[in-house]
Amino acid sequence: MQAFTTVTGIAVPMIEDDINTDQIAPLQLAKGLEPDWGELLFKRQRLLPDGSPSDHILNRPQYRTPSILVAAHNFGCGSSRESAVWCLAGIGIRCVIARSIADIFRENCLQNGLLPIELPQMDELEAAVLASDGGSPFTVDLPSQTISHGAQSWSFEIGASDKLRLIEGLDEIGLTMKHEAEIRAWEAKTAQDSPWLQEARDRRLS
Amino acid sequence: MSAARSLFDKIWDKHLVGRRADGRDLIYIDRHVLHDLHAPHAFGKLNKAGRKVRRTDLTFSMQDHSVSVLPGRTEETYAEGTAFVRAMREGSRKNGVRVFDLGDPDQGISHVVAPELGMVLPGATHAVPDSHACTVGGLGALAFGCGTTELEHILATQVITLNRPKRLRVTLEGQLHPHVAGKDVALAIIAQLGVAGGRGFAIEFAGPVARALSVEARLTLCNLTIEMGSRSGFIAPDDTVFNWIAGRPFAPIGAQWDLALAQWRHLFSDEGAQFDHEMSLDCSALGPQITWGTEPSQVININDRAPDPSQVDPSRREAVQRALTYMGLEPGAKLEGLPVGRVFIGSCTNSRLPDLEVAAHIVKGRKVAQGVTAWVVPGSSQVKRDAEAKGLDRIFTEAGFMWGEAGCSMCAGTNGDTAKPGERILSTTNRNFENRQGRAVRTHLVGPALAAAAAITGVITDVRKLEGL
Ligand code: SF4
């Protein structure tokens with residue numbers, strides 16, 4: 001997984017509650033197994049019915065390649081599709097800042113080296129992002145847990161385990177496989193005390 | 001004596017394999033079911049990394065998201081989906097995972113098929129790369145919808161890494177009126193809790209109303225847990241569930257059944273168990289529910305009016321206005337009487353036999369109104385056969401419904417089934433997001449009764465006012 005330490009770039013404001021993953025990654029419009037994820041991002045809103053670009057914020061010249069997306073409450077709710085994260089990453093977004101972020105989407109961010117920041121109080125940051133209007137960069141620094149813009153700065157909270165995994169860009173599966181012996185022990189014990197959990201047999205086939 | 005524990009804690013602790021250095025819990029997954037939309041990517045990544053599926057015997061593949069549901073379908077009927085169906089088949093074969101393919105008598109929507117086969121059991125953990133994995137909480141299982149990378153992780157290790165969620169109990173008081181069912185209860189909870197209210201929690205649905213629900217209605221209720229913002233929701237299993245599971249193809253038998261049952265009887269929250277949050281809802285006054293807006297919390301009783309932005313809290317005004325505009329509704333509009341273009345009965349929310357029976361009972365001897373396109377898509381091939389054995393298919397087709405093959409279909413439209421731009425649809429699915437069922441489509445979420453009533457009258461109708469029921 002790509003590690004995350006710090007990112008500096010344009011912050012795009014999409015200050016709206018409940019932006020869902022159907023909007024972020026409209027899979028109905030995806031062609032094939034490996035579409036151009038960046039092109040798919042918010043495609044319904046970015047294109048008018050006739051196929052020409054709408055006035056969506058991501059179509060404005062200053063917001064073509066943002067690094068940070070700033071939203072409001074419950075960002076990424078709805079479907080578990082990880083492609084929502086791939087779409088954001090597809091245009092270079094490395095960090096999502098919102099007052100709250102939906103559980104599965106937040107997890108999917110962590111799996112892809114994208115930093116999800118939840119900032120319940122962010123009036124000032126929101127105002128700064130809106131005022132800069134893509135004209136000046138913001139920096140998000142994970143080790144110091146700060147977001148800065150010129151002379152302004154804000155701190156954010158993140159769980160120690162999530163921080164570690166992002167900074168180290170840890171191989172998740174490798175990390176878990178260090179517990180191989182425990183997994184085996186659990187399986188052996190469960191095969192003894194609740195055997196039906198350790199076997200899923202279709203009795204019609206035997 | 002050990003302290004009082006909640007059902008969530010009992011299942012979590014039983015499945016706790018260990019704690020990783022980064023502080024996350026490793027939770028063992030007893031049953032892992034994949035589907036065609038996301039599994040091909042995970043198989044690809046897994047094999048590229050040279051890894052194998054750890055427990056092929058606990059993993060199953062289901063073709064549901066990108067398959068056509070048209071009568072006589074093949075994998076080529078929906079051309080865009082063909083690549084997914086084939087990649088799923090090949091990935092499953094290569095990795096030794098049993099696939100419930102097109103034509104298999106057990107093919108269907110994973111959240112319908114896994115309970116139906118007895119694959120998922122009370123007290124078991126379950127993962128699907130789909131947010132509605134929570135459906136099987138209706139059996140007292142603890143389920144997690146997951147993303148593609150998590151899916152790959154489970155394939156390789158059979159565990160999921162999680163931070164322990166908090167516990168929320170929703171107590172459902174009172175008694176349900178006729179024509180009010182699991183879907184209505186779920187929507188009413190979302191109205192109160194909001195679409196983010198359950199974020200970070202695992203939800204236990206309890207109380208007399210939960211106890212009285214059929215297994216199918218419990219699956220419907222738990223299906224909508226994710227629409228409350230929670231990954232997992234469940235109901236403590238009881239004899240209703242145990243009797244329903246007994247004899248299903250994957251259910252334990254003989255001495256194993258007795259042992260299982262003895263353990264399952266401990267699957268409840270102990271008296272005095274601690275919850276991080278509690279909520280209760282009196283369901284006695286509940287009528288059939290219908291969403292008026294573009295998220296599931298924007299819901300009202302069928303006889304009520306949509307909100308008037310000028311009357312709501314200023315912080316919500318813009319969102320309410322925007323939803324009304326998208327839905328083509330005037331402020332304070334009455335929904336009853338609005339013409340509909342389409343009706344869809346299906347999806348993992350409401351496509352089980354009792355759902356179809358409710359709809360068929362209303363449709364019987366009547367015709368789909370002129371100008372309305374009406375579809376019934378059974379949730380599984382088994383549901384389809386059962387319904388046909390009871391003659392429900394004929395009731396629907398004689399009335400003018402399309403009677404489909406099993407699959408997700410118009411729920412998310414990832415098999416190309418979408419409504420027309422601007423069309424108003426009454427849908428028994430779970431998400432009324434903008435464009436979910438096609439560009440500019442106006443989705444009203446309802447239970448099967450309201451959907452069937454609208455199909456035959458051509459307008460949004462309070463089923464309780466229909467003659468002859
Ligand atoms: S029916 Fe809809 S919600 Fe259910 S699994 Fe299929 S697409 Fe997902």
# chains A, B, ... in the order shown; residues from 1 in each chain; ligands from 1
>>> residues_near_ligand(ligand="ligand 1", cutoff="6 Å", atoms="only C-alpha atoms and all ligand atoms", output="list in words")
His65, His132, Ser347, Cys348, Cys408, Cys411 and Ala412 of chain B
>>> write_last_selection(atoms="all heavy atoms", output="mmCIF file, in the first residue's frame")
data_model
loop_
_atom_site.group_PDB
_atom_site.id
_atom_site.type_symbol
_atom_site.label_atom_id
_atom_site.label_comp_id
_atom_site.auth_asym_id
_atom_site.auth_seq_id
_atom_site.Cartn_x
_atom_site.Cartn_y
_atom_site.Cartn_z
ATOM 1 N N HIS B 65 -24.922 -9.208 -9.373
ATOM 2 C CA HIS B 65 -24.998 -7.782 -9.693
ATOM 3 C C HIS B 65 -25.102 -7.449 -11.184
ATOM 4 O O HIS B 65 -25.798 -6.530 -11.567
ATOM 5 C CB HIS B 65 -23.784 -7.044 -9.119
ATOM 6 C CG HIS B 65 -23.939 -6.650 -7.684
ATOM 7 N ND1 HIS B 65 -23.978 -7.563 -6.662
ATOM 8 C CD2 HIS B 65 -24.059 -5.438 -7.103
ATOM 9 C CE1 HIS B 65 -24.112 -6.925 -5.504
ATOM 10 N NE2 HIS B 65 -24.168 -5.634 -5.747
ATOM 11 N N HIS B 132 -24.891 -4.417 1.977
ATOM 12 C CA HIS B 132 -26.100 -5.014 2.543
ATOM 13 C C HIS B 132 -25.869 -6.410 3.123
ATOM 14 O O HIS B 132 -26.821 -7.153 3.373
ATOM 15 C CB HIS B 132 -27.237 -5.003 1.524
ATOM 16 C CG HIS B 132 -27.708 -3.608 1.256
ATOM 17 N ND1 HIS B 132 -27.213 -2.861 0.210
ATOM 18 C CD2 HIS B 132 -28.544 -2.790 1.940
ATOM 19 C CE1 HIS B 132 -27.756 -1.653 0.257
ATOM 20 N NE2 HIS B 132 -28.561 -1.571 1.292
ATOM 21 N N SER B 347 -34.940 -6.992 -5.227
ATOM 22 C CA SER B 347 -33.737 -6.629 -4.450
ATOM 23 C C SER B 347 -33.616 -7.421 -3.155
ATOM 24 O O SER B 347 -34.581 -8.006 -2.671
ATOM 25 C CB SER B 347 -33.665 -5.137 -4.127
ATOM 26 O OG SER B 347 -34.321 -4.859 -2.904
ATOM 27 N N CYS B 348 -32.422 -7.382 -2.574
ATOM 28 C CA CYS B 348 -32.180 -8.122 -1.338
ATOM 29 C C CYS B 348 -33.038 -7.622 -0.191
ATOM 30 O O CYS B 348 -33.113 -8.251 0.859
ATOM 31 C CB CYS B 348 -30.698 -8.057 -0.974
ATOM 32 S SG CYS B 348 -30.068 -6.383 -0.795
ATOM 33 N N CYS B 408 -29.976 -8.795 -9.018
ATOM 34 C CA CYS B 408 -30.126 -7.475 -8.378
ATOM 35 C C CYS B 408 -30.959 -6.511 -9.219
ATOM 36 O O CYS B 408 -31.654 -5.644 -8.710
ATOM 37 C CB CYS B 408 -28.762 -6.844 -8.134
ATOM 38 S SG CYS B 408 -27.746 -7.739 -6.968
ATOM 39 N N CYS B 411 -32.144 -2.526 -8.732
ATOM 40 C CA CYS B 411 -31.785 -1.962 -7.425
ATOM 41 C C CYS B 411 -30.657 -0.956 -7.557
ATOM 42 O O CYS B 411 -30.742 0.165 -7.053
ATOM 43 C CB CYS B 411 -31.382 -3.066 -6.472
ATOM 44 S SG CYS B 411 -30.727 -2.453 -4.931
ATOM 45 N N ALA B 412 -29.584 -1.357 -8.227
ATOM 46 C CA ALA B 412 -28.470 -0.439 -8.440
ATOM 47 C C ALA B 412 -28.205 -0.272 -9.934
ATOM 48 O O ALA B 412 -27.321 0.474 -10.335
ATOM 49 C CB ALA B 412 -27.213 -0.938 -7.737
#
>>> closest_atom_pairs(of="range 90-162 of chain A", to="range 40-45 of chain A", cutoff="12 Å", atoms="only C-alpha atoms", output="JSON lines")
{"residue": "A:Gly90", "atom": "CA", "partner": "A:Leu41", "partner_atom": "CA", "distance": 8.0}
{"residue": "A:Ile91", "atom": "CA", "partner": "A:Leu41", "partner_atom": "CA", "distance": 8.2}
{"residue": "A:Gly92", "atom": "CA", "partner": "A:Leu41", "partner_atom": "CA", "distance": 11.3}
{"residue": "A:Ile93", "atom": "CA", "partner": "A:Leu41", "partner_atom": "CA", "distance": 11.0}
>>> closest_atom_pairs(of="range 96-127 of chain B", to="range 258-269 of chain B", cutoff="12 Å", atoms="only C-alpha atoms", output="JSON lines")
{"residue": "B:Leu121", "atom": "CA", "partner": "B:Trp264", "partner_atom": "CA", "distance": 9.3}
{"residue": "B:Pro122", "atom": "CA", "partner": "B:Trp264", "partner_atom": "CA", "distance": 6.5}
{"residue": "B:Gly123", "atom": "CA", "partner": "B:Leu267", "partner_atom": "CA", "distance": 6.8}
{"residue": "B:Ala124", "atom": "CA", "partner": "B:Trp264", "partner_atom": "CA", "distance": 9.9}
>>> residues_around(residues="Glu180 in chain A", least_positions_apart="4", cutoff="12 Å", atoms="only C-alpha atoms", output="JSON, numbers by chain")
{"A": [173, 174, 175, 176, 184, 185, 186, 187], "B": [17, 18, 20, 26, 28, 54, 156, 157, 158, 159]}
>>> residues_around(residues="Leu197 in chain A", least_positions_apart="2", cutoff="9 Å", atoms="only C-alpha atoms", output="short mmCIF file (atom, residue, chain, number, x, y, z; two decimals) with C-alpha atoms, in the first residue's frame")
data_model
loop_
_atom_site.label_atom_id
_atom_site.label_comp_id
_atom_site.auth_asym_id
_atom_site.auth_seq_id
_atom_site.Cartn_x
_atom_site.Cartn_y
_atom_site.Cartn_z
CA THR A 190 -13.73 -23.93 16.99
CA ALA A 191 -13.65 -27.22 15.06
CA SER A 194 -18.61 -25.38 17.38
CA PRO A 195 -17.78 -27.65 14.42
CA GLU A 199 -17.42 -26.54 7.88
CA ALA A 200 -19.87 -25.28 5.30
CA ASP B 30 -17.15 -18.07 9.22
CA ARG B 31 -18.83 -17.55 5.86
CA LEU B 58 -15.90 -21.39 3.67
CA LEU B 121 -26.15 -19.41 10.84
CA ALA B 124 -21.81 -16.83 12.91
#
>>> closest_residue(among="B:Arg439, B:Arg305, B:His179, B:Arg5", to="chain A", atoms="only C-alpha atoms")
B:Arg439
>>> atom_distance(atom1="CA of Asn350 in chain B", atom2="CA of Val377 in chain B")
9.8 Å
>>> residues_around(residues="range 68-71 of chain A", least_positions_apart="2", cutoff="9 Å", atoms="only C-alpha atoms", output="count of residues only")
31
>>> select_by_dssp(residues="range 186-412 of chain B", states="alpha helix (DSSP H)", output="ChimeraX atom specification")
/B:186-193,208-212,215-223,239-245,254-264,314-327,353-363,381-389,392-399
>>> closest_residue(among="B:Met279, B:Ala306, B:Val195, B:Ile460", to="Ala102 in chain A", atoms="only C-alpha atoms")
B:Val195
>>> closest_residue(among="B:Pro314, B:Pro105, B:Pro331, B:Gly145", to="chain A", atoms="only C-alpha atoms")
B:Gly145
>>> residues_around(residues="Arg106 in chain A", least_positions_apart="3", cutoff="9 Å", atoms="only C-alpha atoms", output="PyMOL selection string")
chain A and resi 75-76+101-103+109-111+115-117
>>> atom_distance(atom1="CA of Pro137 in chain A", atom2="CA of Arg64 in chain A")
13.6 Å
>>> select_by_dssp(residues="range 2-180 of chain A", states="strand (DSSP E or B)", output="JSON, numbers by chain")
{"A": [6, 7, 8, 9, 11, 12, 13, 20, 47, 53, 68, 69, 70, 75, 77, 95, 96, 97, 98, 101, 115, 116, 117, 118, 138, 139, 140, 141, 146, 147, 148, 149, 152, 153, 154, 155]}
>>> write_last_selection(atoms="N, CA and C atoms", output="compact mmCIF listing (two decimals), in the first residue's frame")
# COMPACT_ATOMS: atom_id res chain seq x y z
N THR A 6 2.84 13.16 4.14
CA THR A 6 2.37 14.53 4.02
C THR A 6 1.97 14.81 2.59
N VAL A 7 1.01 15.71 2.40
CA VAL A 7 0.61 16.09 1.05
C VAL A 7 0.35 17.59 1.01
N THR A 8 0.79 18.20 -0.07
CA THR A 8 0.53 19.62 -0.27
C THR A 8 -0.13 19.79 -1.63
N GLY A 9 -1.25 20.48 -1.64
CA GLY A 9 -1.93 20.66 -2.92
C GLY A 9 -3.23 21.42 -2.75
N ALA A 11 -7.11 22.16 -2.30
CA ALA A 11 -8.22 21.55 -1.57
C ALA A 11 -9.52 21.96 -2.26
N VAL A 12 -10.29 20.97 -2.68
CA VAL A 12 -11.55 21.29 -3.36
C VAL A 12 -12.71 21.18 -2.38
N PRO A 13 -13.51 22.24 -2.26
CA PRO A 13 -14.64 22.19 -1.32
C PRO A 13 -15.90 21.60 -1.96
N ASN A 20 -22.82 10.29 -1.33
CA ASN A 20 -22.73 8.83 -1.27
C ASN A 20 -21.83 8.27 -2.37
N LEU A 47 -21.06 15.73 -16.06
CA LEU A 47 -21.49 15.79 -17.46
C LEU A 47 -22.97 16.15 -17.54
N PRO A 53 -19.43 19.16 -20.55
CA PRO A 53 -19.15 19.36 -19.12
C PRO A 53 -20.14 20.31 -18.45
N ILE A 68 -6.77 17.33 -2.09
CA ILE A 68 -7.56 17.19 -0.86
C ILE A 68 -9.01 17.49 -1.20
N LEU A 69 -9.92 16.69 -0.66
CA LEU A 69 -11.34 16.98 -0.86
C LEU A 69 -11.94 17.32 0.50
N VAL A 70 -12.68 18.41 0.56
CA VAL A 70 -13.28 18.84 1.81
C VAL A 70 -14.80 18.75 1.70
N PHE A 75 -19.62 11.75 4.75
CA PHE A 75 -19.09 11.58 3.39
C PHE A 75 -18.85 10.09 3.10
N CYS A 77 -21.18 7.71 2.29
CA CYS A 77 -22.18 6.76 2.78
C CYS A 77 -22.70 5.92 1.62
N CYS A 95 -6.36 12.85 0.29
CA CYS A 95 -6.88 13.10 1.63
C CYS A 95 -8.31 13.62 1.54
N VAL A 96 -9.20 13.07 2.40
CA VAL A 96 -10.57 13.58 2.49
C VAL A 96 -10.75 14.16 3.88
N ILE A 97 -11.22 15.40 3.94
CA ILE A 97 -11.50 16.01 5.24
C ILE A 97 -13.00 16.27 5.32
N ALA A 98 -13.64 15.76 6.37
CA ALA A 98 -15.07 15.98 6.51
C ALA A 98 -15.43 16.01 7.99
N ILE A 101 -17.24 10.83 8.41
CA ILE A 101 -17.03 9.98 7.23
C ILE A 101 -17.67 8.62 7.50
N LEU A 115 -5.80 9.39 3.22
CA LEU A 115 -6.00 9.77 4.61
C LEU A 115 -7.41 10.32 4.85
N PRO A 116 -8.24 9.64 5.67
CA PRO A 116 -9.56 10.18 6.00
C PRO A 116 -9.48 10.97 7.31
N ILE A 117 -9.78 12.26 7.24
CA ILE A 117 -9.73 13.08 8.45
C ILE A 117 -11.14 13.48 8.85
N GLU A 118 -11.49 13.18 10.11
CA GLU A 118 -12.78 13.62 10.61
C GLU A 118 -12.56 14.79 11.57
N PHE A 138 -2.91 23.80 0.37
CA PHE A 138 -3.05 23.39 1.76
C PHE A 138 -2.09 22.21 1.97
N THR A 139 -1.59 22.10 3.20
CA THR A 139 -0.72 20.97 3.51
C THR A 139 -1.33 20.14 4.62
N VAL A 140 -1.37 18.85 4.40
CA VAL A 140 -1.82 17.94 5.45
C VAL A 140 -0.63 17.11 5.86
N ASP A 141 -0.30 17.17 7.13
CA ASP A 141 0.86 16.45 7.63
C ASP A 141 0.41 15.44 8.67
N THR A 146 -1.47 17.78 11.54
CA THR A 146 -1.90 19.17 11.30
C THR A 146 -2.25 19.40 9.83
N ILE A 147 -3.16 20.35 9.67
CA ILE A 147 -3.49 20.85 8.34
C ILE A 147 -3.06 22.30 8.36
N SER A 148 -2.35 22.76 7.34
CA SER A 148 -1.95 24.17 7.36
C SER A 148 -2.19 24.83 6.02
N HIS A 149 -2.37 26.14 6.11
CA HIS A 149 -2.61 26.97 4.93
C HIS A 149 -2.06 28.35 5.26
N GLN A 152 -2.21 29.90 8.83
CA GLN A 152 -3.24 29.21 9.62
C GLN A 152 -2.91 27.72 9.77
N SER A 153 -3.31 27.15 10.90
CA SER A 153 -3.19 25.71 10.98
C SER A 153 -4.23 25.12 11.93
N TRP A 154 -4.54 23.89 11.69
CA TRP A 154 -5.55 23.17 12.47
C TRP A 154 -5.00 21.79 12.80
N SER A 155 -5.37 21.27 13.96
CA SER A 155 -4.89 19.92 14.25
C SER A 155 -6.07 18.96 14.15
>>> closest_residue(among="A:Ala127, A:Gln145, A:Leu114, A:Ala84", to="chain B", atoms="only C-alpha atoms")
A:Ala84
>>> closest_residue(among="A:Glu157, A:Glu34, A:Asp133, A:Glu82", to="chain B", atoms="only C-alpha atoms")
A:Glu82
>>> residues_around(residues="Ser79 in chain A", least_positions_apart="2", cutoff="6 Å", atoms="only C-alpha atoms", output="VMD selection string")
(chain A and resid 21 81) or (chain B and resid 131)
>>> write_last_selection(atoms="all heavy atoms", output="PDB file, in the first residue's frame")
ATOM      1  N   THR A  21     -21.496   6.986  -2.209  1.00  0.00           N
ATOM      2  CA  THR A  21     -20.536   6.379  -3.129  1.00  0.00           C
ATOM      3  C   THR A  21     -21.133   6.123  -4.512  1.00  0.00           C
ATOM      4  O   THR A  21     -20.397   5.963  -5.473  1.00  0.00           O
ATOM      5  CB  THR A  21     -19.976   5.063  -2.550  1.00  0.00           C
ATOM      6  OG1 THR A  21     -21.067   4.235  -2.174  1.00  0.00           O
ATOM      7  CG2 THR A  21     -19.106   5.321  -1.335  1.00  0.00           C
ATOM      8  N   ARG A  81     -18.694   0.050  -2.293  1.00  0.00           N
ATOM      9  CA  ARG A  81     -17.780  -0.006  -3.441  1.00  0.00           C
ATOM     10  C   ARG A  81     -16.474   0.755  -3.184  1.00  0.00           C
ATOM     11  O   ARG A  81     -16.459   1.969  -2.963  1.00  0.00           O
ATOM     12  CB  ARG A  81     -18.480   0.533  -4.696  1.00  0.00           C
ATOM     13  CG  ARG A  81     -18.947   1.971  -4.571  1.00  0.00           C
ATOM     14  CD  ARG A  81     -19.778   2.405  -5.759  1.00  0.00           C
ATOM     15  NE  ARG A  81     -21.094   1.749  -5.744  1.00  0.00           N
ATOM     16  CZ  ARG A  81     -22.055   2.002  -6.616  1.00  0.00           C
ATOM     17  NH1 ARG A  81     -21.883   2.865  -7.577  1.00  0.00           N
ATOM     18  NH2 ARG A  81     -23.223   1.377  -6.521  1.00  0.00           N
TER      19      ARG A  81
ATOM     20  N   SER B 131     -22.463  -3.673   0.884  1.00  0.00           N
ATOM     21  CA  SER B 131     -22.853  -3.050   2.148  1.00  0.00           C
ATOM     22  C   SER B 131     -24.105  -3.665   2.767  1.00  0.00           C
ATOM     23  O   SER B 131     -24.376  -3.459   3.939  1.00  0.00           O
ATOM     24  CB  SER B 131     -23.045  -1.556   1.962  1.00  0.00           C
ATOM     25  OG  SER B 131     -24.034  -1.316   0.994  1.00  0.00           O
TER      26      SER B 131
END
>>> closest_residue(among="A:Met122, A:Leu33, A:Leu142, A:Ala25", to="Gly81 in chain B", atoms="only C-alpha atoms")
A:Leu33
